[in-house]
Amino acid sequence: MHTYESLAAPILAAFPELTAADLVFAPAPKVEIADVALRTFEPAKKLGMAPPQLATKIRDGVTFGPDVTAVSLAGPYVNFKLDRGAFGRGIVARILSEHKQYGSNRSGAGKRALVEHTSINPNASPHVGRARNAMIGDSLVRLLRFEGYDVETHYYVNDIGRQIALLVLACDDPATLTFDEMLDLYASANARAEQDAAFAEAGFELLAKIEQGDAEVKKKFFAVTELCLQGQLAVLGRLGIRYDRFDRESDFVKDPRLDKILDALREKGALFTDEEQRLSVDMCQIGHPQYPANEGRYVALLRSNGSSMYVYRDVAYTIEKMSKGADLNLIVLGEDHLMYMQQIALILAAAGMGAPEPIYYSYILLKEGKMSTRQGKVVLLSDFLDEATARAAERVEEQCQELPEVERKAIAEHVAVAAIRFAILRVGANKNVIFDWDASLSFTGDTGPYVQYSCARISSILRKLNAPLPESPRADFPVESNAEWALLSKLAAFPDTIANAAAAHSVAPVAQFVLETARLFTTFYHECPVRDAPSEAQRIARGHICLATRITLENALGLLGITALERM
RNA sequence: GCGCCCGUAGCUCAGGUGGAUAGAGCAACGGCCUUCUAAGCCGUAGGCCACUGGUUCGAGUCCAGUCGGGCGCGCCA
């Protein structure tokens with residue numbers, strides 16, 4: 001049952017052409033103007049009349065129930081004054097009963113989704129730039145699961161490139177190394193390959209061997225990449241990020257399903273052998289726009305010695321993912337992969353196959369400019385988390401002295417995670433983010449820790465209530481201040497926010513919602529005492545508002561991968 | 001050179017498929033803790049929404065161009 005059902009029903013009865021989806025109820029720009037407002041742009045368009053005309057007809061021609069106390073117009077908007085107690089009670093009742101499900105529209109019920117994200121090269125420790133992929137992907141997975149999708153998360157392990165071959169050459173026994181030592185080893189091996197042609201050539205020989213199925217070599221590659229992978233997962237795990245499947249690139253060097261692709265390309269005259277005897281695709285034969293500079297026109301699939309190029313393996317892997325038949329197939333990619341993914345999609349389309357829907361994100365920049373591993377200008381995720389946890393721990397030491405040490409440590413870590421996840425996720429994916437270390441560590445203002453702080457305050461209030469709250473709101477539910485109503489109507493808008501986020505495949509609106517809700521709660525907190533409310537009915541109603549806010553924030557933060565703390 | 005993305009307060013960002021007086025935070029200035037956690041709240045100040053032209057009753061939002069930033073453009077993955 002929709003929150004504003006009793007407003008929508010009489011309108012729908014008067015205009016049978018409309019459906020509930022056409023009617024968008026939202027808070028007015030200021031609470032003083034109206035308790036809730038209806039936009040008439042969408043329904044007016046459907047009815048073929050001017051928005052203000054429809055608004056007038058709704059005001060004059062529709063009879064509303066007793067819980068609507070006034071209907072007025074502001075051009076294309078219909079403004080309603082409501083019996084706030086009745087609506088507030090309905091909002092709270094719904095939140096308490098739906099609880100962990102509140103906000104979900106179940107748009108994915110009965111559907112399966114496959115999401116690939118992160119998939120970073122093994123020879124690097126995750127920095128905040130790469131982690132943007134992981135955070136966006138992980139939050140998307142959480143959002144889809146919340147909407148009812150059965151989601152499988154995949155991580156593509158790049159275990160067969162030239163860089164891995166060099167690492168294998170340089171590393172005698174991976175079992176004796178840590179992840180960090182392995183990274184140092186990679187740096188030196190890479191440098192050597194640039195000077196030492198024989199060393200580089202040995203790397204390619206190793207690659208050829210693993211493609212021929214040399215068991216011994218494959219074992220070595222596996223050992224090296226597995227150690228790296230575990231090192232990466234340890235860091236990502238601190239952010240609460242997990243995966244269901246790890247798909248290894250080396251399993252896709254020879255895939256019989258690719259024959260069908262090659263046949264289709266050949267048939268379209270797109271396949272040719274280039275001047276260096278590589279099997280290549282002329283993308284312009286299969287729908288790639290012909291740019292003046294032949295941009296991205298030619299793609300090599302196989303080297304002259306028959307060994308596979310990355311495109312070849314990626315096409316095979318994509319076929320594998322698509323063959324799982326998920327209703328929704330997503331891949332999170334940096335903007336640098338845009339054209340590459342288009343090429344993969346075109347190659348597959350030539351054989352009548354589909355490709356995943358890409359979610360692109362832009363790079364994170366530093367104030368000093370781009371991140372650069374070579375110049376050491378990177379912010380490693382582990383370094384940030386260590387520093388942020390230490391900062392947070394100082395505050396927790398002061399404010400939670402009654403808690404045991406382990407618990408305080410856990411709180412500090414949760415705060416650190418909230419800081420970085422919120423800072424990244426609240427920005428639209430297609431915008432460059434300027435990472436500012438100081439701002440990210442400040443924990444004040446529009447931050448994850450601020451929202452967590454609101455949650456801790458709510459929990460504190462609920463702990464200190466003299467008597468337990470009834471399971472559902474009482475009939476007598478006074479809502480006397482604008483602060484209370486503004487908060488309630490925000491809570492009521494949560495399912496719409498989730499619907500928008502799910503449709504847009506972006507969790508950024510959820511981050512925005514969480515901030516606005518926390519701010520409205522804080523205003524309420526300062527203006528409306530709960531424990532010492534003027535009346536028993538108000539004490540209970542406000543207690544229920546707190547509880548409903550807590551549930552909503554907890555659900556929303558959960559989608560961002562942030563823990564709603566009890567204390568901090 | 002060509003393609004994609006971005007340009008909103010000094011700084012970092014919000015601004016449903018065009019619509020109510022463009023909103024937050026940080027930094028600055030002035031207030032508020034014997035009162036449910038001051039990681040907070042209230043107030044002041046700060047905007048030719050990059051620029052130019054167009055479409056529209058109406059443009060931060062759509063179109064074209066200019067300028068500025070990011071990314072990409074066959075033997076790395």
# chains A, B, ... in the order shown; residues from 1 in each chain; ligands from 1

$ residues_around --residues "stretch 315-319 of chain A" --least-positions-apart "2" --cutoff "12 Å" --atoms "only C-alpha atoms (C1' of nucleotides)" --output "short mmCIF file (atom, residue, chain, number, x, y, z; two decimals) with N, CA and C atoms, in the first residue's frame"
data_model
loop_
_atom_site.label_atom_id
_atom_site.label_comp_id
_atom_site.auth_asym_id
_atom_site.auth_seq_id
_atom_site.Cartn_x
_atom_site.Cartn_y
_atom_site.Cartn_z
N LEU A 114 23.88 -11.05 -13.11
CA LEU A 114 25.29 -11.38 -13.02
C LEU A 114 26.06 -10.07 -13.09
N VAL A 115 26.89 -9.82 -12.11
CA VAL A 115 27.65 -8.56 -12.07
C VAL A 115 29.13 -8.87 -11.99
N GLU A 116 29.88 -8.35 -12.97
CA GLU A 116 31.34 -8.46 -12.87
C GLU A 116 31.89 -7.10 -12.45
N HIS A 154 30.96 -11.76 -10.05
CA HIS A 154 32.15 -12.36 -10.67
C HIS A 154 33.36 -11.42 -10.67
N TYR A 155 34.52 -12.03 -10.52
CA TYR A 155 35.79 -11.31 -10.56
C TYR A 155 36.66 -12.03 -11.58
N TYR A 156 37.09 -11.30 -12.58
CA TYR A 156 37.90 -11.88 -13.66
C TYR A 156 39.36 -11.74 -13.28
N VAL A 157 40.01 -12.85 -13.07
CA VAL A 157 41.41 -12.82 -12.63
C VAL A 157 42.33 -12.86 -13.84
N ASN A 158 43.04 -11.77 -14.00
CA ASN A 158 43.92 -11.63 -15.14
C ASN A 158 45.23 -12.36 -14.87
N PHE A 246 35.42 -16.51 -9.00
CA PHE A 246 36.65 -15.98 -9.58
C PHE A 246 36.90 -16.72 -10.88
N ASP A 247 36.86 -16.00 -11.97
CA ASP A 247 37.04 -16.62 -13.28
C ASP A 247 38.45 -16.31 -13.75
N ARG A 248 39.20 -17.36 -14.11
CA ARG A 248 40.60 -17.14 -14.50
C ARG A 248 40.74 -17.03 -16.01
N GLU A 249 41.43 -15.98 -16.40
CA GLU A 249 41.62 -15.72 -17.82
C GLU A 249 42.28 -16.90 -18.52
N SER A 250 43.16 -17.60 -17.82
CA SER A 250 43.89 -18.71 -18.45
C SER A 250 42.96 -19.85 -18.86
N ASP A 251 41.75 -19.86 -18.33
CA ASP A 251 40.80 -20.90 -18.73
C ASP A 251 40.12 -20.57 -20.06
N PHE A 252 40.44 -19.42 -20.63
CA PHE A 252 39.74 -19.01 -21.84
C PHE A 252 40.67 -18.84 -23.05
N VAL A 253 41.83 -19.49 -22.99
CA VAL A 253 42.77 -19.33 -24.11
C VAL A 253 42.31 -20.08 -25.36
N LYS A 254 41.67 -21.19 -25.15
CA LYS A 254 41.18 -21.95 -26.31
C LYS A 254 39.74 -22.35 -26.02
N ASP A 255 38.84 -21.62 -26.64
CA ASP A 255 37.44 -21.91 -26.37
C ASP A 255 36.75 -22.26 -27.69
N PRO A 256 36.22 -23.49 -27.80
CA PRO A 256 35.60 -23.91 -29.07
C PRO A 256 34.47 -22.99 -29.52
N ARG A 257 33.85 -22.31 -28.57
CA ARG A 257 32.73 -21.44 -28.94
C ARG A 257 33.19 -20.27 -29.81
N LEU A 258 34.51 -20.00 -29.78
CA LEU A 258 35.02 -18.89 -30.57
C LEU A 258 35.00 -19.18 -32.07
N ASP A 259 34.96 -20.46 -32.42
CA ASP A 259 34.92 -20.81 -33.85
C ASP A 259 33.71 -20.18 -34.53
N LYS A 260 32.61 -20.20 -33.79
CA LYS A 260 31.38 -19.62 -34.32
C LYS A 260 31.54 -18.12 -34.58
N ILE A 261 32.25 -17.47 -33.65
CA ILE A 261 32.51 -16.04 -33.81
C ILE A 261 33.38 -15.81 -35.04
N LEU A 262 34.45 -16.60 -35.16
CA LEU A 262 35.36 -16.44 -36.30
C LEU A 262 34.63 -16.67 -37.62
N LEU A 301 43.37 -10.61 -32.84
CA LEU A 301 42.85 -11.70 -32.01
C LEU A 301 43.92 -12.72 -31.66
N SER A 308 46.91 -16.49 -28.17
CA SER A 308 45.77 -15.59 -28.14
C SER A 308 46.11 -14.21 -27.61
N MET A 309 45.39 -13.23 -28.13
CA MET A 309 45.50 -11.87 -27.59
C MET A 309 44.38 -11.68 -26.57
N TYR A 310 44.49 -10.58 -25.80
CA TYR A 310 43.52 -10.39 -24.73
C TYR A 310 42.09 -10.30 -25.23
N VAL A 311 41.91 -9.71 -26.41
CA VAL A 311 40.55 -9.57 -26.94
C VAL A 311 39.91 -10.95 -27.13
N TYR A 312 40.71 -11.84 -27.68
CA TYR A 312 40.24 -13.20 -27.96
C TYR A 312 39.73 -13.85 -26.67
N ARG A 313 40.52 -13.72 -25.62
CA ARG A 313 40.12 -14.33 -24.33
C ARG A 313 38.90 -13.61 -23.74
N LYS A 321 29.96 -15.75 -19.72
CA LYS A 321 29.05 -15.05 -18.79
C LYS A 321 27.64 -14.95 -19.36
N MET A 322 27.56 -14.63 -20.64
CA MET A 322 26.23 -14.48 -21.25
C MET A 322 25.48 -15.81 -21.31
N SER A 323 26.23 -16.89 -21.37
CA SER A 323 25.60 -18.21 -21.49
C SER A 323 24.88 -18.60 -20.20
N LYS A 324 25.14 -17.87 -19.13
CA LYS A 324 24.47 -18.20 -17.87
C LYS A 324 23.02 -17.76 -17.87
N GLY A 325 22.66 -16.95 -18.88
CA GLY A 325 21.25 -16.61 -19.05
C GLY A 325 20.65 -15.74 -17.97
N ASN A 329 22.82 -8.49 -16.94
CA ASN A 329 24.23 -8.83 -16.98
C ASN A 329 25.02 -7.53 -17.02
N LEU A 330 25.68 -7.22 -15.93
CA LEU A 330 26.37 -5.93 -15.82
C LEU A 330 27.87 -6.11 -15.68
N ILE A 331 28.61 -5.10 -16.13
CA ILE A 331 30.04 -5.08 -15.90
C ILE A 331 30.44 -3.66 -15.56
N TYR A 340 36.87 -0.18 -25.92
CA TYR A 340 37.19 -1.60 -25.90
C TYR A 340 35.93 -2.45 -25.73
N MET A 341 35.07 -2.04 -24.81
CA MET A 341 33.84 -2.79 -24.57
C MET A 341 32.91 -2.72 -25.78
N GLN A 342 32.92 -1.57 -26.45
CA GLN A 342 32.11 -1.44 -27.66
C GLN A 342 32.59 -2.41 -28.73
N GLN A 343 33.92 -2.58 -28.80
CA GLN A 343 34.47 -3.50 -29.79
C GLN A 343 34.07 -4.94 -29.49
N ILE A 344 34.16 -5.31 -28.22
CA ILE A 344 33.75 -6.66 -27.80
C ILE A 344 32.29 -6.89 -28.17
N ALA A 345 31.47 -5.89 -27.87
CA ALA A 345 30.03 -6.03 -28.13
C ALA A 345 29.76 -6.19 -29.63
N LEU A 346 30.50 -5.44 -30.45
CA LEU A 346 30.30 -5.53 -31.90
C LEU A 346 30.73 -6.90 -32.43
N ILE A 347 31.83 -7.41 -31.91
CA ILE A 347 32.31 -8.72 -32.36
C ILE A 347 31.26 -9.79 -32.02
N LEU A 348 30.71 -9.70 -30.83
CA LEU A 348 29.70 -10.66 -30.42
C LEU A 348 28.42 -10.48 -31.23
N ALA A 349 28.07 -9.22 -31.47
CA ALA A 349 26.85 -8.94 -32.22
C ALA A 349 26.93 -9.51 -33.63
N ALA A 351 27.98 -12.23 -34.48
CA ALA A 351 27.55 -13.63 -34.42
C ALA A 351 26.18 -13.75 -33.76
N GLY A 352 25.50 -12.62 -33.64
CA GLY A 352 24.15 -12.65 -33.08
C GLY A 352 24.11 -12.82 -31.58
N MET A 353 25.20 -12.51 -30.91
CA MET A 353 25.23 -12.67 -29.46
C MET A 353 25.21 -11.31 -28.77
N GLY A 354 24.76 -11.33 -27.51
CA GLY A 354 24.68 -10.11 -26.74
C GLY A 354 25.91 -9.91 -25.87
N ALA A 355 25.99 -8.76 -25.25
CA ALA A 355 27.10 -8.44 -24.34
C ALA A 355 26.53 -7.80 -23.09
N PRO A 356 27.31 -7.81 -22.01
CA PRO A 356 26.83 -7.19 -20.77
C PRO A 356 26.62 -5.70 -20.94
N GLU A 357 25.79 -5.16 -20.07
CA GLU A 357 25.57 -3.73 -20.05
C GLU A 357 26.67 -3.09 -19.20
#

$ interface_residues --of "chain B" --to "chain A" --cutoff "10 Å" --atoms "only C-alpha atoms (C1' of nucleotides)" --output "PyMOL selection string"
chain B and resi 1-6+12-14+16-17+19-21+24-26+35-37+39-41+69-77

$ atom_distance --atom1 "atom CA of A:Arg130" --atom2 "atom CA of A:Ile164"
18.8 Å

$ residues_around --residues "B:G68" --least-positions-apart "4" --cutoff "12 Å" --atoms "only C-alpha atoms (C1' of nucleotides)" --output "MDAnalysis selection string"
chainID B and resid 6:7 50:51

$ write_last_selection --atoms "N, CA and C atoms (P, O5', C5', C4', C3', O3' and C1' of nucleotides)" --output "mmCIF file, in the first residue's frame"
data_model
loop_
_atom_site.group_PDB
_atom_site.id
_atom_site.type_symbol
_atom_site.label_atom_id
_atom_site.label_comp_id
_atom_site.auth_asym_id
_atom_site.auth_seq_id
_atom_site.Cartn_x
_atom_site.Cartn_y
_atom_site.Cartn_z
ATOM 1 P P C B 6 28.389 13.855 -19.079
ATOM 2 O "O5'" C B 6 29.436 14.769 -18.300
ATOM 3 C "C5'" C B 6 29.702 14.552 -16.931
ATOM 4 C "C4'" C B 6 30.866 15.392 -16.469
ATOM 5 C "C3'" C B 6 30.655 16.893 -16.451
ATOM 6 O "O3'" C B 6 29.934 17.325 -15.324
ATOM 7 C "C1'" C B 6 32.768 16.403 -17.388
ATOM 8 P P G B 7 29.090 18.697 -15.432
ATOM 9 O "O5'" G B 7 30.202 19.830 -15.347
ATOM 10 C "C5'" G B 7 31.034 19.923 -14.190
ATOM 11 C "C4'" G B 7 31.984 21.106 -14.345
ATOM 12 C "C3'" G B 7 31.297 22.468 -14.378
ATOM 13 O "O3'" G B 7 32.051 23.442 -13.661
ATOM 14 C "C1'" G B 7 32.564 22.151 -16.352
ATOM 15 P P A B 50 28.131 26.337 -16.239
ATOM 16 O "O5'" A B 50 29.307 27.332 -16.642
ATOM 17 C "C5'" A B 50 30.140 27.928 -15.649
ATOM 18 C "C4'" A B 50 31.265 28.633 -16.367
ATOM 19 C "C3'" A B 50 30.815 29.442 -17.575
ATOM 20 O "O3'" A B 50 30.417 30.746 -17.203
ATOM 21 C "C1'" A B 50 32.612 28.017 -18.186
ATOM 22 P P C B 51 29.111 31.405 -17.947
ATOM 23 O "O5'" C B 51 29.694 31.809 -19.376
ATOM 24 C "C5'" C B 51 30.756 32.746 -19.481
ATOM 25 C "C4'" C B 51 31.232 32.818 -20.908
ATOM 26 C "C3'" C B 51 30.130 33.076 -21.934
ATOM 27 O "O3'" C B 51 29.826 34.456 -22.038
ATOM 28 C "C1'" C B 51 31.468 31.279 -22.665
#

$ select_by_dssp --residues "stretch 112-211 of chain A" --states "helix (DSSP H, G or I)" --output "number ranges by chain"
A: 128-146, 162-170, 174-176, 179-195, 197-211

$ atom_distance --atom1 "atom CA of A:Ala533" --atom2 "atom CA of A:Pro470"
16.5 Å

$ select_by_dssp --residues "stretch 314-524 of chain A" --states "strand (DSSP E or B)" --output "PDB file with C-alpha atoms, in the first residue's frame"
ATOM      1  CA  LEU A 328      20.544  -8.661 -16.091  1.00  0.00           C
ATOM      2  CA  ASN A 329      24.229  -8.826 -16.980  1.00  0.00           C
ATOM      3  CA  LEU A 330      26.365  -5.929 -15.824  1.00  0.00           C
ATOM      4  CA  ILE A 331      30.043  -5.083 -15.899  1.00  0.00           C
ATOM      5  CA  VAL A 332      31.673  -2.170 -14.082  1.00  0.00           C
ATOM      6  CA  LEU A 333      34.454  -0.590 -16.108  1.00  0.00           C
ATOM      7  CA  GLY A 334      36.713   2.439 -15.983  1.00  0.00           C
ATOM      8  CA  GLU A 357      25.565  -3.725 -20.045  1.00  0.00           C
ATOM      9  CA  PRO A 358      28.568  -1.621 -19.056  1.00  0.00           C
ATOM     10  CA  ILE A 359      28.577   0.755 -16.094  1.00  0.00           C
ATOM     11  CA  TYR A 360      31.355   3.289 -16.615  1.00  0.00           C
ATOM     12  CA  TYR A 361      33.056   5.444 -14.045  1.00  0.00           C
ATOM     13  CA  ILE A 364      39.767   9.652  -9.284  1.00  0.00           C
ATOM     14  CA  LEU A 365      42.323  12.439  -9.433  1.00  0.00           C
ATOM     15  CA  LEU A 366      44.549  13.896  -6.783  1.00  0.00           C
ATOM     16  CA  GLY A 369      46.921  15.707 -10.713  1.00  0.00           C
ATOM     17  CA  SER A 372      50.585   7.527 -11.052  1.00  0.00           C
ATOM     18  CA  LYS A 377      51.484   9.365  -6.587  1.00  0.00           C
ATOM     19  CA  LEU A 380      46.567   2.956  -1.513  1.00  0.00           C
ATOM     20  CA  VAL A 433      36.502  12.870  -8.279  1.00  0.00           C
ATOM     21  CA  ILE A 434      39.223  14.934  -6.716  1.00  0.00           C
ATOM     22  CA  PHE A 435      40.487  12.954  -3.769  1.00  0.00           C
TER      23      PHE A 435
END

$ atom_distance --atom1 "atom CA of A:Ala37" --atom2 "atom CA of A:Phe80"
6.0 Å

$ residues_around --residues "stretch 63-65 of chain B" --least-positions-apart "5" --cutoff "10 Å" --atoms "only C-alpha atoms (C1' of nucleotides)" --output "list in words"
U52, G53, G54 and U55 of chain B

$ write_last_selection --atoms "C-alpha atoms (C1' of nucleotides)" --output "PDB file, in the first residue's frame"
ATOM      1  C1'   U B  52      28.403  32.441 -27.195  1.00  0.00           C
ATOM      2  C1'   G B  53      24.210  31.598 -30.002  1.00  0.00           C
ATOM      3  C1'   G B  54      19.628  28.735 -30.665  1.00  0.00           C
ATOM      4  C1'   U B  55      14.764  25.733 -29.451  1.00  0.00           C
TER       5        U B  55
END
